[in-house]
$ cat structure.cif   # mmCIF, C-alpha atoms and all ligand atoms
data_final
#
loop_
_atom_site.group_PDB
_atom_site.id
_atom_site.type_symbol
_atom_site.label_atom_id
_atom_site.label_comp_id
_atom_site.auth_asym_id
_atom_site.auth_seq_id
_atom_site.Cartn_x
_atom_site.Cartn_y
_atom_site.Cartn_z
ATOM 1 C CA MET M 1 0.000 0.000 0.000
ATOM 2 C CA GLY M 2 1.356 3.400 -1.024
ATOM 3 C CA THR M 3 0.793 5.898 1.792
ATOM 4 C CA GLY M 4 2.650 9.179 2.374
ATOM 5 C CA LEU M 5 5.474 10.814 4.285
ATOM 6 C CA PRO M 6 6.073 9.727 7.878
ATOM 7 C CA GLY M 7 4.241 12.231 10.102
ATOM 8 C CA GLY M 8 1.509 12.802 7.498
ATOM 9 C CA ASN M 9 -2.038 11.500 7.758
ATOM 10 C CA TYR M 10 -1.804 9.140 4.774
ATOM 11 C CA ASN M 11 1.049 7.338 6.465
ATOM 12 C CA LYS M 12 -0.846 7.125 9.737
ATOM 13 C CA PHE M 13 -3.971 5.852 7.998
ATOM 14 C CA GLY M 14 -1.919 3.169 6.217
ATOM 15 C CA GLN M 15 -0.516 1.940 9.557
ATOM 16 C CA LEU M 16 -3.967 1.849 11.132
ATOM 17 C CA LEU M 17 -5.513 0.019 8.186
ATOM 18 C CA ALA M 18 -2.685 -2.515 8.122
ATOM 19 C CA ASP M 19 -3.029 -3.141 11.867
ATOM 20 C CA ALA M 20 -6.793 -3.624 11.557
ATOM 21 C CA VAL M 21 -6.648 -5.879 8.485
ATOM 22 C CA ASN M 22 -3.563 -7.918 9.390
ATOM 23 C CA LYS M 23 -5.211 -9.186 12.576
ATOM 24 C CA TYR M 24 -7.371 -11.316 10.299
ATOM 25 C CA SER M 25 -4.623 -12.505 7.944
ATOM 26 C CA ALA M 26 -4.979 -16.140 9.089
ATOM 27 C CA GLN M 27 -8.578 -16.052 7.812
ATOM 28 C CA THR M 28 -8.148 -13.788 4.771
ATOM 29 C CA GLY M 29 -4.783 -15.105 3.560
ATOM 30 C CA PHE M 30 -3.284 -11.654 2.909
ATOM 31 C CA ARG M 31 -1.540 -8.801 4.686
ATOM 32 C CA ILE M 32 -1.206 -5.065 4.040
ATOM 33 C CA LYS M 33 2.306 -3.623 4.062
ATOM 34 C CA PRO M 34 2.152 0.195 4.227
ATOM 35 C CA ARG M 35 4.998 1.909 2.372
ATOM 36 C CA PRO M 36 6.044 5.549 2.784
ATOM 37 C CA THR M 37 5.763 7.638 -0.406
ATOM 38 C CA ASP M 38 5.640 11.293 -1.476
ATOM 39 C CA GLY M 39 1.818 11.210 -1.611
ATOM 40 C CA SER M 40 -1.013 11.086 -4.151
ATOM 41 C CA ILE M 41 0.892 11.078 -7.444
ATOM 42 C CA SER M 42 3.460 8.535 -6.235
ATOM 43 C CA ASN M 43 0.650 6.314 -4.964
ATOM 44 C CA LEU M 44 -1.275 6.461 -8.249
ATOM 45 C CA ASN M 45 1.873 5.792 -10.273
ATOM 46 C CA GLY M 46 2.747 2.879 -7.984
ATOM 47 C CA LEU M 47 -0.722 1.399 -8.525
ATOM 48 C CA ARG M 48 -0.432 1.854 -12.232
ATOM 49 C CA ASP M 49 2.914 0.121 -12.569
ATOM 50 C CA GLY M 50 1.919 -2.693 -10.201
ATOM 51 C CA ARG M 51 4.183 -1.799 -7.253
ATOM 52 C CA PHE M 52 1.127 -1.130 -5.070
ATOM 53 C CA GLN M 53 -2.276 -2.766 -4.797
ATOM 54 C CA LEU M 54 -3.731 -0.092 -2.498
ATOM 55 C CA GLY M 55 -3.081 3.608 -2.100
ATOM 56 C CA ILE M 56 -4.465 6.933 -0.941
ATOM 57 C CA THR M 57 -5.060 9.906 -3.173
ATOM 58 C CA GLN M 58 -6.616 13.341 -3.316
ATOM 59 C CA ALA M 59 -9.758 13.572 -5.453
ATOM 60 C CA ASP M 60 -8.133 15.992 -7.905
ATOM 61 C CA ALA M 61 -5.213 13.628 -8.564
ATOM 62 C CA GLU M 62 -7.674 10.741 -9.002
ATOM 63 C CA TYR M 63 -9.635 12.839 -11.486
ATOM 64 C CA MET M 64 -6.498 13.690 -13.454
ATOM 65 C CA ALA M 65 -5.257 10.079 -13.524
ATOM 66 C CA TRP M 66 -8.665 8.723 -14.574
ATOM 67 C CA ASN M 67 -9.072 11.313 -17.326
ATOM 68 C CA GLY M 68 -5.440 11.417 -18.512
ATOM 69 C CA LYS M 69 -4.889 15.054 -17.529
ATOM 70 C CA GLY M 70 -2.026 16.954 -15.871
ATOM 71 C CA HIS M 71 0.682 14.542 -14.809
ATOM 72 C CA TRP M 72 -1.065 11.732 -16.766
ATOM 73 C CA GLU M 73 -1.333 13.544 -20.077
ATOM 74 C CA LYS M 74 1.820 11.785 -21.270
ATOM 75 C CA ASN M 75 0.998 8.262 -20.063
ATOM 76 C CA GLY M 76 -2.699 8.323 -20.889
ATOM 77 C CA LYS M 77 -5.845 7.593 -18.888
ATOM 78 C CA PHE M 78 -5.516 5.237 -15.924
ATOM 79 C CA LYS M 79 -8.648 3.216 -16.614
ATOM 80 C CA SER M 80 -7.946 0.294 -14.294
ATOM 81 C CA LEU M 81 -8.036 2.672 -11.300
ATOM 82 C CA ARG M 82 -10.826 1.918 -8.795
ATOM 83 C CA THR M 83 -12.180 3.740 -5.745
ATOM 84 C CA VAL M 84 -12.608 1.907 -2.458
ATOM 85 C CA TYR M 85 -13.981 4.603 -0.106
ATOM 86 C CA GLU M 86 -13.818 8.281 0.682
ATOM 87 C CA LEU M 87 -11.693 9.038 3.735
ATOM 88 C CA TYR M 88 -11.670 12.666 4.935
ATOM 89 C CA THR M 89 -11.353 16.185 3.545
ATOM 90 C CA GLU M 90 -7.878 17.611 3.117
ATOM 91 C CA ALA M 91 -7.175 21.330 2.951
ATOM 92 C CA VAL M 92 -4.767 23.326 0.832
ATOM 93 C CA THR M 93 -2.578 24.679 3.612
ATOM 94 C CA CYS M 94 0.115 27.293 3.412
ATOM 95 C CA VAL M 95 2.350 28.175 6.350
ATOM 96 C CA ALA M 96 4.310 31.447 6.104
ATOM 97 C CA THR M 97 6.704 33.192 8.463
ATOM 98 C CA VAL M 98 5.447 36.382 10.116
ATOM 99 C CA GLU M 99 8.582 38.190 8.804
ATOM 100 C CA SER M 100 7.764 37.301 5.166
ATOM 101 C CA GLY M 101 4.665 39.517 5.327
ATOM 102 C CA ILE M 102 2.747 36.956 3.259
ATOM 103 C CA LYS M 103 -0.929 37.501 4.092
ATOM 104 C CA THR M 104 -2.617 36.621 0.800
ATOM 105 C CA CYS M 105 -1.662 34.762 -2.321
ATOM 106 C CA ALA M 106 -0.545 37.962 -4.120
ATOM 107 C CA ASP M 107 2.236 38.396 -1.519
ATOM 108 C CA PHE M 108 4.141 35.343 -2.782
ATOM 109 C CA ARG M 109 5.849 37.344 -5.518
ATOM 110 C CA GLY M 110 9.624 37.404 -4.921
ATOM 111 C CA LYS M 111 9.439 35.007 -1.968
ATOM 112 C CA ARG M 112 11.149 31.663 -1.205
ATOM 113 C CA VAL M 113 8.418 29.026 -1.321
ATOM 114 C CA ALA M 114 8.355 25.209 -0.982
ATOM 115 C CA LEU M 115 5.720 23.666 -3.248
ATOM 116 C CA GLY M 116 5.944 19.979 -2.260
ATOM 117 C CA THR M 117 7.671 17.247 -4.254
ATOM 118 C CA GLU M 118 6.439 16.237 -7.678
ATOM 119 C CA GLY M 119 5.052 12.932 -6.344
ATOM 120 C CA SER M 120 2.670 14.791 -4.057
ATOM 121 C CA GLY M 121 -0.833 16.151 -4.462
ATOM 122 C CA THR M 122 0.458 19.171 -2.561
ATOM 123 C CA HIS M 123 2.482 20.179 -5.615
ATOM 124 C CA ILE M 124 -0.653 20.307 -7.825
ATOM 125 C CA ASN M 125 -2.424 22.526 -5.295
ATOM 126 C CA ALA M 126 0.528 24.835 -4.638
ATOM 127 C CA LEU M 127 0.666 25.702 -8.339
ATOM 128 C CA GLN M 128 -3.119 26.249 -8.392
ATOM 129 C CA ALA M 129 -2.924 28.465 -5.326
ATOM 130 C CA LEU M 130 -0.334 30.668 -7.029
ATOM 131 C CA ALA M 131 -2.364 30.659 -10.249
ATOM 132 C CA THR M 132 -5.391 32.149 -8.475
ATOM 133 C CA CYS M 133 -3.269 35.316 -8.264
ATOM 134 C CA TRP M 134 -1.843 34.845 -11.756
ATOM 135 C CA LEU M 135 1.547 33.924 -10.319
ATOM 136 C CA LYS M 136 3.922 31.361 -11.804
ATOM 137 C CA THR M 137 6.924 29.696 -10.194
ATOM 138 C CA SER M 138 9.137 32.139 -12.148
ATOM 139 C CA ASP M 139 7.561 34.977 -10.120
ATOM 140 C CA LEU M 140 9.043 33.528 -6.923
ATOM 141 C CA ALA M 141 12.596 34.171 -5.675
ATOM 142 C CA GLN M 142 12.839 30.399 -5.116
ATOM 143 C CA ALA M 143 10.362 27.628 -5.970
ATOM 144 C CA LEU M 144 11.527 24.521 -4.138
ATOM 145 C CA SER M 145 10.186 21.023 -4.864
ATOM 146 C CA ILE M 146 10.800 19.723 -1.357
ATOM 147 C CA ASN M 147 8.441 18.026 1.097
ATOM 148 C CA PRO M 148 6.853 19.716 4.148
ATOM 149 C CA PRO M 149 9.278 18.280 6.774
ATOM 150 C CA GLN M 150 12.272 19.470 4.704
ATOM 151 C CA ALA M 151 10.543 22.836 4.264
ATOM 152 C CA ALA M 152 9.871 23.181 7.986
ATOM 153 C CA LYS M 153 13.571 22.611 8.649
ATOM 154 C CA LEU M 154 14.606 25.319 6.159
ATOM 155 C CA MET M 155 12.068 27.694 7.690
ATOM 156 C CA THR M 156 13.583 27.146 11.116
ATOM 157 C CA GLN M 157 17.004 28.004 9.636
ATOM 158 C CA GLY M 158 15.593 31.273 8.215
ATOM 159 C CA LYS M 159 15.988 30.050 4.617
ATOM 160 C CA LEU M 160 12.331 29.817 3.592
ATOM 161 C CA ASP M 161 9.331 32.192 3.616
ATOM 162 C CA ALA M 162 6.446 29.754 3.098
ATOM 163 C CA PHE M 163 5.549 26.148 2.396
ATOM 164 C CA PHE M 164 2.485 24.346 1.111
ATOM 165 C CA LEU M 165 0.919 21.092 2.213
ATOM 166 C CA THR M 166 -2.437 19.576 1.373
ATOM 167 C CA VAL M 167 -3.361 17.638 4.464
ATOM 168 C CA GLY M 168 -6.280 16.628 6.711
ATOM 169 C CA HIS M 169 -6.678 18.709 9.869
ATOM 170 C CA PRO M 170 -5.651 18.648 12.598
ATOM 171 C CA ASN M 171 -2.275 17.139 11.729
ATOM 172 C CA ASN M 172 0.023 16.351 14.650
ATOM 173 C CA GLN M 173 3.304 17.021 12.911
ATOM 174 C CA LEU M 174 2.126 20.436 11.718
ATOM 175 C CA ARG M 175 0.807 21.229 15.177
ATOM 176 C CA LYS M 176 4.212 20.464 16.708
ATOM 177 C CA PHE M 177 6.047 22.553 14.114
ATOM 178 C CA ILE M 178 3.783 25.601 14.509
ATOM 179 C CA ALA M 179 4.003 25.485 18.310
ATOM 180 C CA SER M 180 7.788 25.168 18.382
ATOM 181 C CA TYR M 181 8.464 27.646 15.559
ATOM 182 C CA GLY M 182 6.182 30.242 17.113
ATOM 183 C CA ARG M 183 6.208 32.803 14.281
ATOM 184 C CA ALA M 184 3.977 31.202 11.651
ATOM 185 C CA ASN M 185 0.839 32.415 9.917
ATOM 186 C CA MET M 186 -1.528 30.374 7.763
ATOM 187 C CA VAL M 187 -2.319 32.008 4.432
ATOM 188 C CA PRO M 188 -5.968 31.904 3.316
ATOM 189 C CA PHE M 189 -6.682 30.615 -0.149
ATOM 190 C CA ALA M 190 -10.230 30.351 -1.492
ATOM 191 C CA PRO M 191 -11.062 28.083 -4.436
ATOM 192 C CA THR M 192 -11.866 30.272 -7.434
ATOM 193 C CA LYS M 193 -15.149 30.015 -9.340
ATOM 194 C CA ALA M 194 -13.229 28.614 -12.303
ATOM 195 C CA MET M 195 -11.839 25.799 -10.142
ATOM 196 C CA THR M 196 -15.149 24.834 -8.568
ATOM 197 C CA ALA M 197 -16.884 25.014 -11.937
ATOM 198 C CA GLU M 198 -14.387 22.599 -13.434
ATOM 199 C CA ALA M 199 -14.201 20.287 -10.441
ATOM 200 C CA PRO M 200 -17.043 20.108 -7.899
ATOM 201 C CA TYR M 201 -14.761 18.520 -5.308
ATOM 202 C CA TYR M 202 -12.970 21.824 -4.686
ATOM 203 C CA GLN M 203 -14.967 23.314 -1.861
ATOM 204 C CA LYS M 204 -14.669 26.103 0.619
ATOM 205 C CA TYR M 205 -13.074 24.808 3.821
ATOM 206 C CA PHE M 206 -12.032 26.313 7.155
ATOM 207 C CA ILE M 207 -8.971 25.408 9.201
ATOM 208 C CA TRP M 208 -9.574 26.132 12.898
ATOM 209 C CA THR M 209 -6.753 28.193 14.366
ATOM 210 C CA SER M 210 -7.514 26.650 17.796
ATOM 211 C CA ASP M 211 -6.184 23.345 16.396
ATOM 212 C CA TYR M 212 -2.752 24.996 16.036
ATOM 213 C CA PRO M 213 -1.625 26.695 19.245
ATOM 214 C CA GLY M 214 1.114 29.240 18.583
ATOM 215 C CA LEU M 215 -0.278 30.248 15.189
ATOM 216 C CA ARG M 216 -0.100 34.040 14.790
ATOM 217 C CA ASN M 217 -3.244 34.481 12.671
ATOM 218 C CA SER M 218 -5.936 36.655 14.149
ATOM 219 C CA GLY M 219 -9.423 35.154 14.000
ATOM 220 C CA MET M 220 -10.830 31.723 14.632
ATOM 221 C CA LYS M 221 -10.508 30.214 11.201
ATOM 222 C CA VAL M 222 -8.556 30.337 7.957
ATOM 223 C CA GLU M 223 -10.563 30.015 4.789
ATOM 224 C CA THR M 224 -9.104 27.679 2.221
ATOM 225 C CA CYS M 225 -9.898 25.014 -0.350
ATOM 226 C CA GLY M 226 -10.956 21.489 0.740
ATOM 227 C CA ILE M 227 -10.517 18.307 -1.303
ATOM 228 C CA PRO M 228 -11.747 14.790 -0.450
ATOM 229 C CA SER M 229 -9.233 11.947 -0.145
ATOM 230 C CA PHE M 230 -9.865 8.356 -1.195
ATOM 231 C CA LEU M 231 -8.605 4.868 -0.583
ATOM 232 C CA VAL M 232 -7.965 3.517 -4.091
ATOM 233 C CA THR M 233 -6.933 0.309 -5.831
ATOM 234 C CA THR M 234 -7.036 -1.232 -9.318
ATOM 235 C CA ASP M 235 -9.281 -3.719 -11.093
ATOM 236 C CA LYS M 236 -6.350 -6.202 -10.970
ATOM 237 C CA VAL M 237 -6.949 -6.742 -7.257
ATOM 238 C CA PRO M 238 -9.535 -9.516 -6.680
ATOM 239 C CA ALA M 239 -13.025 -8.475 -5.549
ATOM 240 C CA LYS M 240 -12.723 -10.794 -2.562
ATOM 241 C CA THR M 241 -9.627 -8.954 -1.275
ATOM 242 C CA ILE M 242 -11.169 -5.488 -1.508
ATOM 243 C CA TYR M 243 -14.419 -6.838 -0.086
ATOM 244 C CA GLU M 244 -12.563 -8.121 3.010
ATOM 245 C CA ILE M 245 -10.507 -4.929 3.453
ATOM 246 C CA SER M 246 -13.628 -2.766 3.089
ATOM 247 C CA ARG M 247 -15.652 -4.945 5.448
ATOM 248 C CA ILE M 248 -12.981 -4.725 8.147
ATOM 249 C CA PHE M 249 -12.514 -0.978 7.554
ATOM 250 C CA LEU M 250 -16.232 -0.138 7.752
ATOM 251 C CA SER M 251 -16.811 -2.368 10.771
ATOM 252 C CA GLN M 252 -14.015 -0.572 12.662
ATOM 253 C CA LEU M 253 -14.673 3.066 11.834
ATOM 254 C CA GLU M 254 -14.694 3.917 15.549
ATOM 255 C CA TYR M 255 -11.128 2.653 15.907
ATOM 256 C CA PHE M 256 -9.971 4.884 13.032
ATOM 257 C CA LYS M 257 -11.841 7.893 14.430
ATOM 258 C CA LYS M 258 -10.335 7.382 17.855
ATOM 259 C CA ASN M 259 -6.772 7.122 16.565
ATOM 260 C CA MET M 260 -6.790 9.763 13.863
ATOM 261 C CA ALA M 261 -8.458 13.151 14.254
ATOM 262 C CA PRO M 262 -9.268 13.888 10.564
ATOM 263 C CA MET M 263 -11.128 10.550 10.358
ATOM 264 C CA ARG M 264 -13.756 11.940 12.751
ATOM 265 C CA GLU M 265 -15.900 13.013 9.826
ATOM 266 C CA VAL M 266 -16.040 9.611 8.073
ATOM 267 C CA GLU M 267 -19.511 8.069 8.016
ATOM 268 C CA PRO M 268 -20.660 4.530 7.209
ATOM 269 C CA PRO M 269 -22.457 4.262 3.848
ATOM 270 C CA GLU M 270 -25.856 3.848 5.535
ATOM 271 C CA ARG M 271 -25.569 7.370 6.978
ATOM 272 C CA GLN M 272 -24.793 8.989 3.643
ATOM 273 C CA SER M 273 -27.023 10.031 0.783
ATOM 274 C CA SER M 274 -26.107 8.484 -2.527
ATOM 275 C CA ARG M 275 -24.853 11.913 -3.620
ATOM 276 C CA ASP M 276 -22.496 12.119 -0.640
ATOM 277 C CA LEU M 277 -21.292 8.554 -1.089
ATOM 278 C CA ASN M 278 -20.297 9.329 -4.674
ATOM 279 C CA TRP M 279 -19.058 12.880 -4.031
ATOM 280 C CA GLY M 280 -15.894 13.747 -5.968
ATOM 281 C CA ILE M 281 -15.267 10.173 -7.139
ATOM 282 C CA SER M 282 -13.861 9.840 -10.668
ATOM 283 C CA ALA M 283 -12.852 6.161 -10.874
ATOM 284 C CA PRO M 284 -15.768 3.770 -10.206
ATOM 285 C CA PHE M 285 -16.062 1.779 -6.988
ATOM 286 C CA HIS M 286 -14.098 -1.477 -7.036
ATOM 287 C CA ASP M 287 -16.229 -4.626 -7.512
ATOM 288 C CA GLY M 288 -15.386 -5.722 -3.949
ATOM 289 C CA MET M 289 -16.765 -2.459 -2.556
ATOM 290 C CA LYS M 290 -19.812 -2.695 -4.839
ATOM 291 C CA GLN M 291 -20.477 -6.171 -3.474
ATOM 292 C CA LEU M 292 -20.242 -4.935 0.111
ATOM 293 C CA LEU M 293 -22.522 -1.950 -0.576
ATOM 294 C CA LYS M 294 -25.073 -4.243 -2.222
ATOM 295 C CA GLU M 295 -24.955 -6.608 0.726
ATOM 296 C CA ARG M 296 -25.612 -3.658 3.049
ATOM 297 C CA GLY M 297 -28.618 -2.691 0.943
ATOM 298 C CA ILE M 298 -27.046 0.427 -0.593
ATOM 299 C CA LYS M 299 -27.575 1.179 -4.272
HETATM 300 N N1 LIG F 1 -2.396 15.068 0.349
HETATM 301 C C1 LIG F 1 -0.971 14.943 0.420
HETATM 302 C C2 LIG F 1 -0.399 14.634 -0.942
HETATM 303 O O1 LIG F 1 -0.921 13.883 -1.703
HETATM 304 C C3 LIG F 1 -0.498 13.926 1.465
HETATM 305 C C4 LIG F 1 -1.009 14.200 2.828
HETATM 306 C C5 LIG F 1 -0.535 13.254 3.920
HETATM 307 O O2 LIG F 1 0.539 12.655 3.775
HETATM 308 O O3 LIG F 1 -1.259 13.135 4.900
HETATM 309 O O4 LIG F 1 0.601 15.207 -1.233
#
$ encode --input "structure.cif" --output "structure tokens"
Amino acid sequence: MGTGLPGGNYNKFGQLLADAVNKYSAQTGFRIKPRPTDGSISNLNGLRDGRFQLGITQADAEYMAWNGKGHWEKNGKFKSLRTVYELYTEAVTCVATVESGIKTCADFRGKRVALGTEGSGTHINALQALATCWLKTSDLAQALSINPPQAAKLMTQGKLDAFFLTVGHPNNQLRKFIASYGRANMVPFAPTKAMTAEAPYYQKYFIWTSDYPGLRNSGMKVETCGIPSFLVTTDKVPAKTIYEISRIFLSQLEYFKKNMAPMREVEPPERQSSRDLNWGISAPFHDGMKQLLKERGIK
């Protein structure tokens, strides 16, 4: 299973899912091995080339892979991609130093900014965030393709003005960084009409400043853009395997909620309207998930 960077939520979710599923390996005959990755794009590429059988991705990256856009324009549509279940909403998040004076997206001009690595969904969103103010990477003093932990380190050394990460909130690693750094702001970034018109999964979202003690923002919340995340697989994985994983996952939602704050919002399929259940999904549900939904009386 392709997950994400250690300290991120994808990585944590992968560990929790593996722990839950591997308890039953004597009965099911398989195990999940979570692997650290750079995030959404790495996970989708790993699924495509057969290195992974499970992964986590942002809805926008899933959409691009399924439709052969963006990063997948060259390699073509990823039609064997399948959705297992929606996890939680992630938010385009930008942390800037107080000294940088970055308060809105227009202030990035001439600044040193970390955009995330190219294997991450963060990278897609960082470029979009700049584009909402008609900025390109060439308008920055430095545009670094490094991951959030590397960026946080540079910021501490006074070598970086801002970094992006698309992550579910609250995130423990970010909380620790903001508290210890002490001079960070979060930059608001609203999805533009053009973005929401093209992709309904870009929604207005609020990050609660109370989740990040030490943050210098005034006000209770930071407006930004939210994106659903999904557990995904391919049609090469047998229906029985995904059925078992999904059954264990849905029967233990309380365990995930207890151990991972962003999972608090995840609901069983019975508590969702069909619109919500299918919200933002580009690749169809895997046959194993379809079987489970049918068994639970959900169309
Ligand atoms: N959404 C991020 C990405 O695809 C990963 C977030 C995480 O690791 O929790 O880049």
$ resolve_selection --input "structure.cif" --expression "the PyMOL selection byres (((chain M and resi 254-271) around 8) and not hetatm)" --output "compact mmCIF listing (two decimals) with C-alpha atoms, in the coordinates of the input"
# COMPACT_ATOMS: atom_id res chain seq x y z
CA ASN M 9 -2.04 11.50 7.76
CA LYS M 12 -0.85 7.12 9.74
CA PHE M 13 -3.97 5.85 8.00
CA LEU M 16 -3.97 1.85 11.13
CA GLU M 86 -13.82 8.28 0.68
CA LEU M 87 -11.69 9.04 3.74
CA TYR M 88 -11.67 12.67 4.93
CA THR M 89 -11.35 16.18 3.54
CA GLY M 168 -6.28 16.63 6.71
CA HIS M 169 -6.68 18.71 9.87
CA PRO M 170 -5.65 18.65 12.60
CA ASN M 171 -2.28 17.14 11.73
CA LEU M 250 -16.23 -0.14 7.75
CA GLN M 252 -14.02 -0.57 12.66
CA LEU M 253 -14.67 3.07 11.83
CA GLN M 272 -24.79 8.99 3.64
CA SER M 273 -27.02 10.03 0.78
CA LEU M 277 -21.29 8.55 -1.09
CA LEU M 293 -22.52 -1.95 -0.58
CA ARG M 296 -25.61 -3.66 3.05
CA ILE M 298 -27.05 0.43 -0.59
$ residues_near_ligand --input "structure.cif" --ligand "ligand LIG 1 (chain F)" --cutoff "7 Å" --atoms "only C-alpha atoms and all ligand atoms" --output "MDAnalysis selection string"
chainID M and resid 4:5 8:11 38:41 57:58 90 120:123 165:168
$ atom_distance --input "structure.cif" --atom1 "CA of Leu135 (chain M)" --atom2 "CA of Ala194 (chain M)"
15.8 Å
$ atom_distance --input "structure.cif" --atom1 "CA of Cys94 (chain M)" --atom2 "CA of Asn185 (chain M)"
8.3 Å
$ residues_around --input "structure.cif" --residues "region 46-55 of chain M" --least-positions-apart "2" --cutoff "10 Å" --atoms "only C-alpha atoms" --output "PyMOL selection string"
chain M and resi 1-4+10+14+32-35+37+39-44+57+65+78-84+230-237+242
$ write_last_selection --input "structure.cif" --atoms "C-alpha atoms" --output "PDB file, in the frame of the given file"
ATOM      1  CA  MET M   1       0.000   0.000   0.000  1.00  0.00           C
ATOM      2  CA  GLY M   2       1.356   3.400  -1.024  1.00  0.00           C
ATOM      3  CA  THR M   3       0.793   5.898   1.792  1.00  0.00           C
ATOM      4  CA  GLY M   4       2.650   9.179   2.374  1.00  0.00           C
ATOM      5  CA  TYR M  10      -1.804   9.140   4.774  1.00  0.00           C
ATOM      6  CA  GLY M  14      -1.919   3.169   6.217  1.00  0.00           C
ATOM      7  CA  ILE M  32      -1.206  -5.065   4.040  1.00  0.00           C
ATOM      8  CA  LYS M  33       2.306  -3.623   4.062  1.00  0.00           C
ATOM      9  CA  PRO M  34       2.152   0.195   4.227  1.00  0.00           C
ATOM     10  CA  ARG M  35       4.998   1.909   2.372  1.00  0.00           C
ATOM     11  CA  THR M  37       5.763   7.638  -0.406  1.00  0.00           C
ATOM     12  CA  GLY M  39       1.818  11.210  -1.611  1.00  0.00           C
ATOM     13  CA  SER M  40      -1.013  11.086  -4.151  1.00  0.00           C
ATOM     14  CA  ILE M  41       0.892  11.078  -7.444  1.00  0.00           C
ATOM     15  CA  SER M  42       3.460   8.535  -6.235  1.00  0.00           C
ATOM     16  CA  ASN M  43       0.650   6.314  -4.964  1.00  0.00           C
ATOM     17  CA  LEU M  44      -1.275   6.461  -8.249  1.00  0.00           C
ATOM     18  CA  THR M  57      -5.060   9.906  -3.173  1.00  0.00           C
ATOM     19  CA  ALA M  65      -5.257  10.079 -13.524  1.00  0.00           C
ATOM     20  CA  PHE M  78      -5.516   5.237 -15.924  1.00  0.00           C
ATOM     21  CA  LYS M  79      -8.648   3.216 -16.614  1.00  0.00           C
ATOM     22  CA  SER M  80      -7.946   0.294 -14.294  1.00  0.00           C
ATOM     23  CA  LEU M  81      -8.036   2.672 -11.300  1.00  0.00           C
ATOM     24  CA  ARG M  82     -10.826   1.918  -8.795  1.00  0.00           C
ATOM     25  CA  THR M  83     -12.180   3.740  -5.745  1.00  0.00           C
ATOM     26  CA  VAL M  84     -12.608   1.907  -2.458  1.00  0.00           C
ATOM     27  CA  PHE M 230      -9.865   8.356  -1.195  1.00  0.00           C
ATOM     28  CA  LEU M 231      -8.605   4.868  -0.583  1.00  0.00           C
ATOM     29  CA  VAL M 232      -7.965   3.517  -4.091  1.00  0.00           C
ATOM     30  CA  THR M 233      -6.933   0.309  -5.831  1.00  0.00           C
ATOM     31  CA  THR M 234      -7.036  -1.232  -9.318  1.00  0.00           C
ATOM     32  CA  ASP M 235      -9.281  -3.719 -11.093  1.00  0.00           C
ATOM     33  CA  LYS M 236      -6.350  -6.202 -10.970  1.00  0.00           C
ATOM     34  CA  VAL M 237      -6.949  -6.742  -7.257  1.00  0.00           C
ATOM     35  CA  ILE M 242     -11.169  -5.488  -1.508  1.00  0.00           C
TER      36      ILE M 242
END
$ resolve_selection --input "structure.cif" --expression "the PyMOL selection byres (((chain M and resi 105) around 9) and not hetatm)" --output "PyMOL selection string"
chain M and resi 102-104+106-109+129-133+135+187-189
$ closest_residue --input "structure.cif" --among "M:Ile124, M:Thr97, M:Ala26, M:Ala18" --to "His71 (chain M)" --atoms "all atoms listed in the file"
M:Ile124
$ residues_around --input "structure.cif" --residues "Gly7 (chain M)" --least-positions-apart "6" --cutoff "9 Å" --atoms "only C-alpha atoms" --output "list in words"
Pro149, Asn171, Asn172, Gln173 and Leu174 of chain M
$ residues_around --input "structure.cif" --residues "Gly182 (chain M)" --least-positions-apart "3" --cutoff "6 Å" --atoms "all atoms listed in the file" --output "PyMOL selection string"
chain M and resi 178-179+214
$ atom_distance --input "structure.cif" --atom1 "CA of Asp19 (chain M)" --atom2 "CA of Ala283 (chain M)"
26.5 Å
$ closest_residue --input "structure.cif" --among "M:Asn125, M:Asn217, M:Gln142, M:Thr156" --to "Gly110 (chain M)" --atoms "all atoms listed in the file"
M:Gln142
$ closest_residue --input "structure.cif" --among "M:Gly280, M:Gly288, M:Gly68, M:Gly297" --to "Ile245 (chain M)" --atoms "all atoms listed in the file"
M:Gly288
$ closest_residue --input "structure.cif" --among "M:Ala239, M:Ala20, M:Ile56, M:Val92" --to "Pro36 (chain M)" --atoms "all atoms listed in the file"
M:Ile56
$ resolve_selection --input "structure.cif" --expression "the PyMOL selection byres (((chain M and resi 203) around 9) and not hetatm)" --output "list in words"
Ala190, Pro191, Thr196, Pro200, Tyr201, Tyr202, Lys204, Tyr205, Thr224, Cys225, Gly226 and Ile227 of chain M
$ residues_around --input "structure.cif" --residues "Ser180 (chain M)" --least-positions-apart "3" --cutoff "12 Å" --atoms "all atoms listed in the file" --output "ChimeraX atom specification"
/M:152-153,155-156,173-177,183-184,212-215
$ write_last_selection --input "structure.cif" --atoms "C-alpha atoms" --output "tab-separated table (two decimals), in the frame of the given file"
chain	number	residue	atom	x	y	z
M	152	ALA	CA	9.87	23.18	7.99
M	153	LYS	CA	13.57	22.61	8.65
M	155	MET	CA	12.07	27.69	7.69
M	156	THR	CA	13.58	27.15	11.12
M	173	GLN	CA	3.30	17.02	12.91
M	174	LEU	CA	2.13	20.44	11.72
M	175	ARG	CA	0.81	21.23	15.18
M	176	LYS	CA	4.21	20.46	16.71
M	177	PHE	CA	6.05	22.55	14.11
M	183	ARG	CA	6.21	32.80	14.28
M	184	ALA	CA	3.98	31.20	11.65
M	212	TYR	CA	-2.75	25.00	16.04
M	213	PRO	CA	-1.62	26.70	19.24
M	214	GLY	CA	1.11	29.24	18.58
M	215	LEU	CA	-0.28	30.25	15.19
$ axis_aligned_box --input "structure.cif" --around "region 210-228 of chain M" --padding-each-side "5 Å" --output "lines of an AutoDock Vina configuration file"
center_x = -5.3
center_y = 25.7
center_z = 9.0
size_x = 22.9
size_y = 31.9
size_z = 30.5
